[in-house]
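J.: What follows is coords_31.txt, compact mmCIF, C-alpha atoms.
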```txt
# COMPACT_ATOMS: atom_id res chain seq x y z
CA MET A 89 3.32 13.13 5.87
CA ILE A 90 2.00 9.62 6.35
CA VAL A 91 -1.51 8.64 5.25
CA ALA A 92 -2.89 5.58 7.06
CA GLY A 93 -5.18 3.11 5.30
CA CYS A 94 -7.73 1.46 7.57
CA VAL A 95 -10.61 -0.81 6.58
CA GLU A 96 -13.72 -2.31 8.13
CA PRO A 97 -13.88 -5.78 6.57
CA ALA A 98 -17.41 -6.38 7.90
CA LYS A 99 -18.69 -3.41 5.86
CA ALA A 100 -16.72 -4.14 2.68
CA TRP A 101 -18.07 -5.47 -0.59
CA LYS A 102 -17.85 -9.24 -0.94
CA ARG A 103 -17.72 -11.18 -4.19
CA ASN A 104 -20.17 -14.05 -4.81
CA ASP A 105 -17.51 -16.57 -3.73
CA GLY A 106 -17.05 -14.73 -0.40
CA PHE A 107 -13.83 -12.88 -1.28
CA ASN A 108 -13.68 -9.72 0.84
CA ALA A 109 -12.41 -6.76 -1.21
CA ALA A 110 -11.62 -4.48 1.75
CA GLU A 111 -7.85 -4.65 1.36
CA VAL A 112 -7.91 -4.39 -2.44
CA ASP A 113 -10.19 -1.36 -2.24
CA MET A 114 -7.94 0.21 0.40
CA ALA A 115 -4.90 -0.26 -1.85
CA ILE A 116 -6.72 1.36 -4.79
CA VAL A 117 -7.71 4.35 -2.67
CA MET A 118 -4.21 4.68 -1.22
CA GLU A 119 -2.73 4.70 -4.72
CA SER A 120 -5.10 7.38 -6.02
CA HIS A 121 -5.99 9.45 -2.94
CA HIS A 122 -3.85 12.44 -3.87
CA PRO A 123 -3.83 12.98 -7.63
CA GLY A 124 -1.69 16.13 -7.40
CA ARG A 125 1.26 14.47 -5.68
CA HIS A 126 2.98 13.60 -8.98
CA ARG A 127 2.61 17.15 -10.24
CA ARG A 128 4.20 18.34 -6.98
CA ARG A 129 6.95 15.69 -7.35
CA LEU A 130 6.13 14.03 -4.05
CA GLY A 131 7.49 10.54 -3.62
CA HIS A 132 5.31 7.84 -2.01
CA LEU A 133 5.07 4.11 -1.49
CA LEU A 134 2.33 1.95 0.00
CA VAL A 135 3.89 0.11 2.97
CA CYS A 136 2.27 -2.99 4.45
CA ALA A 137 5.15 -4.26 6.64
CA PHE A 138 4.59 -2.90 10.14
CA ASP A 139 3.55 -3.83 13.68
CA GLU A 140 -0.26 -3.72 13.36
CA PRO A 141 -1.10 -3.65 17.12
CA LYS A 142 1.32 -0.74 17.64
CA ALA A 143 -0.01 1.12 14.59
CA LYS A 144 -3.62 0.67 15.78
CA GLU A 145 -2.62 2.00 19.20
CA ILE A 146 -0.97 5.09 17.71
CA LEU A 147 -3.86 5.70 15.28
CA ALA A 148 -6.59 4.89 17.83
CA CYS A 149 -8.43 2.80 15.25
CA ARG A 150 -9.25 -0.21 17.40
CA ARG A 151 -12.41 -1.29 15.53
CA ARG A 152 -10.80 -1.02 12.12
CA ALA A 153 -7.99 -2.99 10.58
CA HIS A 154 -4.95 -0.90 9.70
CA ARG A 155 -3.67 -2.45 6.51
CA GLY A 156 -1.14 -0.02 5.14
CA HIS A 157 0.29 3.43 5.20
CA ASP A 158 1.59 5.71 2.50
CA PRO A 159 4.49 7.94 3.53
CA MET A 160 4.88 10.93 1.21
CA GLY A 161 7.63 13.47 0.90
CA TYR A 162 10.13 15.09 -1.37
CA PRO A 163 12.86 12.73 -2.60
CA ALA A 164 16.47 13.31 -1.58
CA ALA A 165 18.52 15.48 -3.92
CA GLU A 166 20.82 12.52 -4.54
CA PRO A 167 19.00 9.25 -5.22
CA VAL A 168 19.87 6.22 -3.12
CA PRO A 169 21.64 3.57 -5.21
CA PHE A 170 19.20 0.85 -6.25
CA VAL A 171 20.01 -2.59 -7.58
CA ARG A 172 17.28 -4.28 -9.59
CA GLN A 173 16.72 -8.00 -9.45
CA PRO A 174 17.44 -9.75 -12.75
CA LEU A 175 14.29 -10.07 -14.85
CA ARG A 176 14.74 -13.87 -15.00
CA GLU A 177 14.19 -13.95 -11.21
CA LEU A 178 10.93 -11.99 -11.43
CA VAL A 179 9.20 -13.35 -14.54
CA ARG A 180 7.75 -16.84 -14.81
CA LYS A 181 6.56 -18.55 -17.97
CA ASN A 182 4.45 -21.69 -17.73
CA ARG A 183 5.65 -22.35 -14.18
CA TRP A 184 5.79 -20.77 -10.76
```
Please re-express this file's structure in structure tokens.

T.:
Amino acid sequence: MIVAGCVEPAKAWKRNDGFNAAEVDMAIVMESHHPGRHRRRLGHLLVCAFDEPKAKEILACRRRAHRGHDPMGYPAAEPVPFVRQPLRELVRKNRW
């Protein structure tokens, strides 16, 4: 199953400095939209790398901005090997 996250930036809350929270709010909802998925051991991951025009065509959400989707499913019986980046490449202290 894939849950699509679409927003209407014009209707979203805006901070005093003009920051539009539509995408942040969408990410929060996508992360918490199905509280029982962990209990059911469903895997998921918010994905934001996609062809937006094609996704909007498939979803028929022309007036809204499609900003992410959350595929969910049962993990494979055998996990895919994963190599973590060294912590020194991810953490910064007093510099960027």

J.: Near Cys149 of chain A, counting only C-alpha atoms, which residues have an atom at most 8 Å away, once you skip same-chain residues fewer than 5 positions from it, shown as JSON, numbers by chain?

T.: {"A": [94, 144, 154]}

J.: Can you measure atom CA of Arg155 of chain A to atom CA of Ala98 of chain A for me? One decimal in Å is fine.

T.: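 Atom-to-atom, atom CA of Arg155 of chain A and atom CA of Ala98 of chain A are spaced 14.4 Å apart.
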
J.: What is the atom CA of Ala92 of chain A-atom CA of Gly156 of chain A distance in Å, reported with one decimal?

T.: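 It comes out at 6.2 Å.
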
J.: Ranking A:Pro174, A:Gly124, A:Gly131, A:Pro167 by minimum distance to Met89 of chain A and counting only C-alpha atoms, which one comes first?

T.: A:Gly131

J.: Which of these residues is nearest to His126 of chain A, using all atoms listed in the file: A:Val91, A:Ala165, A:Met160, A:Leu178?

T.: A:Met160

J.: Just so I have it separately, write segment 121-161 of chain A from the block I sent, keeping C-alpha atoms, as a PDB file, in the first residue's frame.

T.:
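Generated output (selection01.pdb):
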```pdb
ATOM      1  CA  HIS A 121      -1.151   8.576  10.148  1.00  0.00           C
ATOM      2  CA  HIS A 122      -1.316   4.891  11.007  1.00  0.00           C
ATOM      3  CA  PRO A 123      -0.430   4.299  14.655  1.00  0.00           C
ATOM      4  CA  GLY A 124      -1.081   0.547  14.449  1.00  0.00           C
ATOM      5  CA  ARG A 125       1.470  -0.138  11.721  1.00  0.00           C
ATOM      6  CA  HIS A 126       4.286  -0.805  14.210  1.00  0.00           C
ATOM      7  CA  ARG A 127       2.135  -3.235  16.159  1.00  0.00           C
ATOM      8  CA  ARG A 128       1.400  -5.034  12.874  1.00  0.00           C
ATOM      9  CA  ARG A 129       5.132  -4.948  11.989  1.00  0.00           C
ATOM     10  CA  LEU A 130       4.572  -3.012   8.782  1.00  0.00           C
ATOM     11  CA  GLY A 131       7.634  -1.336   7.350  1.00  0.00           C
ATOM     12  CA  HIS A 132       7.366   2.197   5.919  1.00  0.00           C
ATOM     13  CA  LEU A 133       9.455   5.133   4.792  1.00  0.00           C
ATOM     14  CA  LEU A 134       8.484   8.643   3.720  1.00  0.00           C
ATOM     15  CA  VAL A 135       9.787   9.091   0.157  1.00  0.00           C
ATOM     16  CA  CYS A 136      10.205  12.533  -1.388  1.00  0.00           C
ATOM     17  CA  ALA A 137      12.295  11.630  -4.474  1.00  0.00           C
ATOM     18  CA  PHE A 138       9.891  11.167  -7.375  1.00  0.00           C
ATOM     19  CA  ASP A 139       8.625  12.723 -10.611  1.00  0.00           C
ATOM     20  CA  GLU A 140       6.041  15.193  -9.259  1.00  0.00           C
ATOM     21  CA  PRO A 141       4.194  15.876 -12.563  1.00  0.00           C
ATOM     22  CA  LYS A 142       3.801  12.125 -13.173  1.00  0.00           C
ATOM     23  CA  ALA A 143       2.667  11.508  -9.581  1.00  0.00           C
ATOM     24  CA  LYS A 144       0.089  14.332  -9.813  1.00  0.00           C
ATOM     25  CA  GLU A 145      -1.199  12.832 -13.070  1.00  0.00           C
ATOM     26  CA  ILE A 146      -1.585   9.376 -11.527  1.00  0.00           C
ATOM     27  CA  LEU A 147      -3.176  10.755  -8.340  1.00  0.00           C
ATOM     28  CA  ALA A 148      -5.357  13.310 -10.163  1.00  0.00           C
ATOM     29  CA  CYS A 149      -4.424  15.976  -7.615  1.00  0.00           C
ATOM     30  CA  ARG A 150      -3.736  18.848  -9.993  1.00  0.00           C
ATOM     31  CA  ARG A 151      -4.602  21.681  -7.574  1.00  0.00           C
ATOM     32  CA  ARG A 152      -2.564  20.242  -4.733  1.00  0.00           C
ATOM     33  CA  ALA A 153       1.154  19.733  -4.409  1.00  0.00           C
ATOM     34  CA  HIS A 154       2.167  16.101  -4.009  1.00  0.00           C
ATOM     35  CA  ARG A 155       5.103  16.233  -1.626  1.00  0.00           C
ATOM     36  CA  GLY A 156       5.707  12.674  -0.561  1.00  0.00           C
ATOM     37  CA  HIS A 157       4.433   9.166  -0.359  1.00  0.00           C
ATOM     38  CA  ASP A 158       4.718   6.484   2.267  1.00  0.00           C
ATOM     39  CA  PRO A 159       4.928   2.933   0.924  1.00  0.00           C
ATOM     40  CA  MET A 160       4.014   0.357   3.569  1.00  0.00           C
ATOM     41  CA  GLY A 161       4.357  -3.381   3.592  1.00  0.00           C
TER      42      GLY A 161
END
```
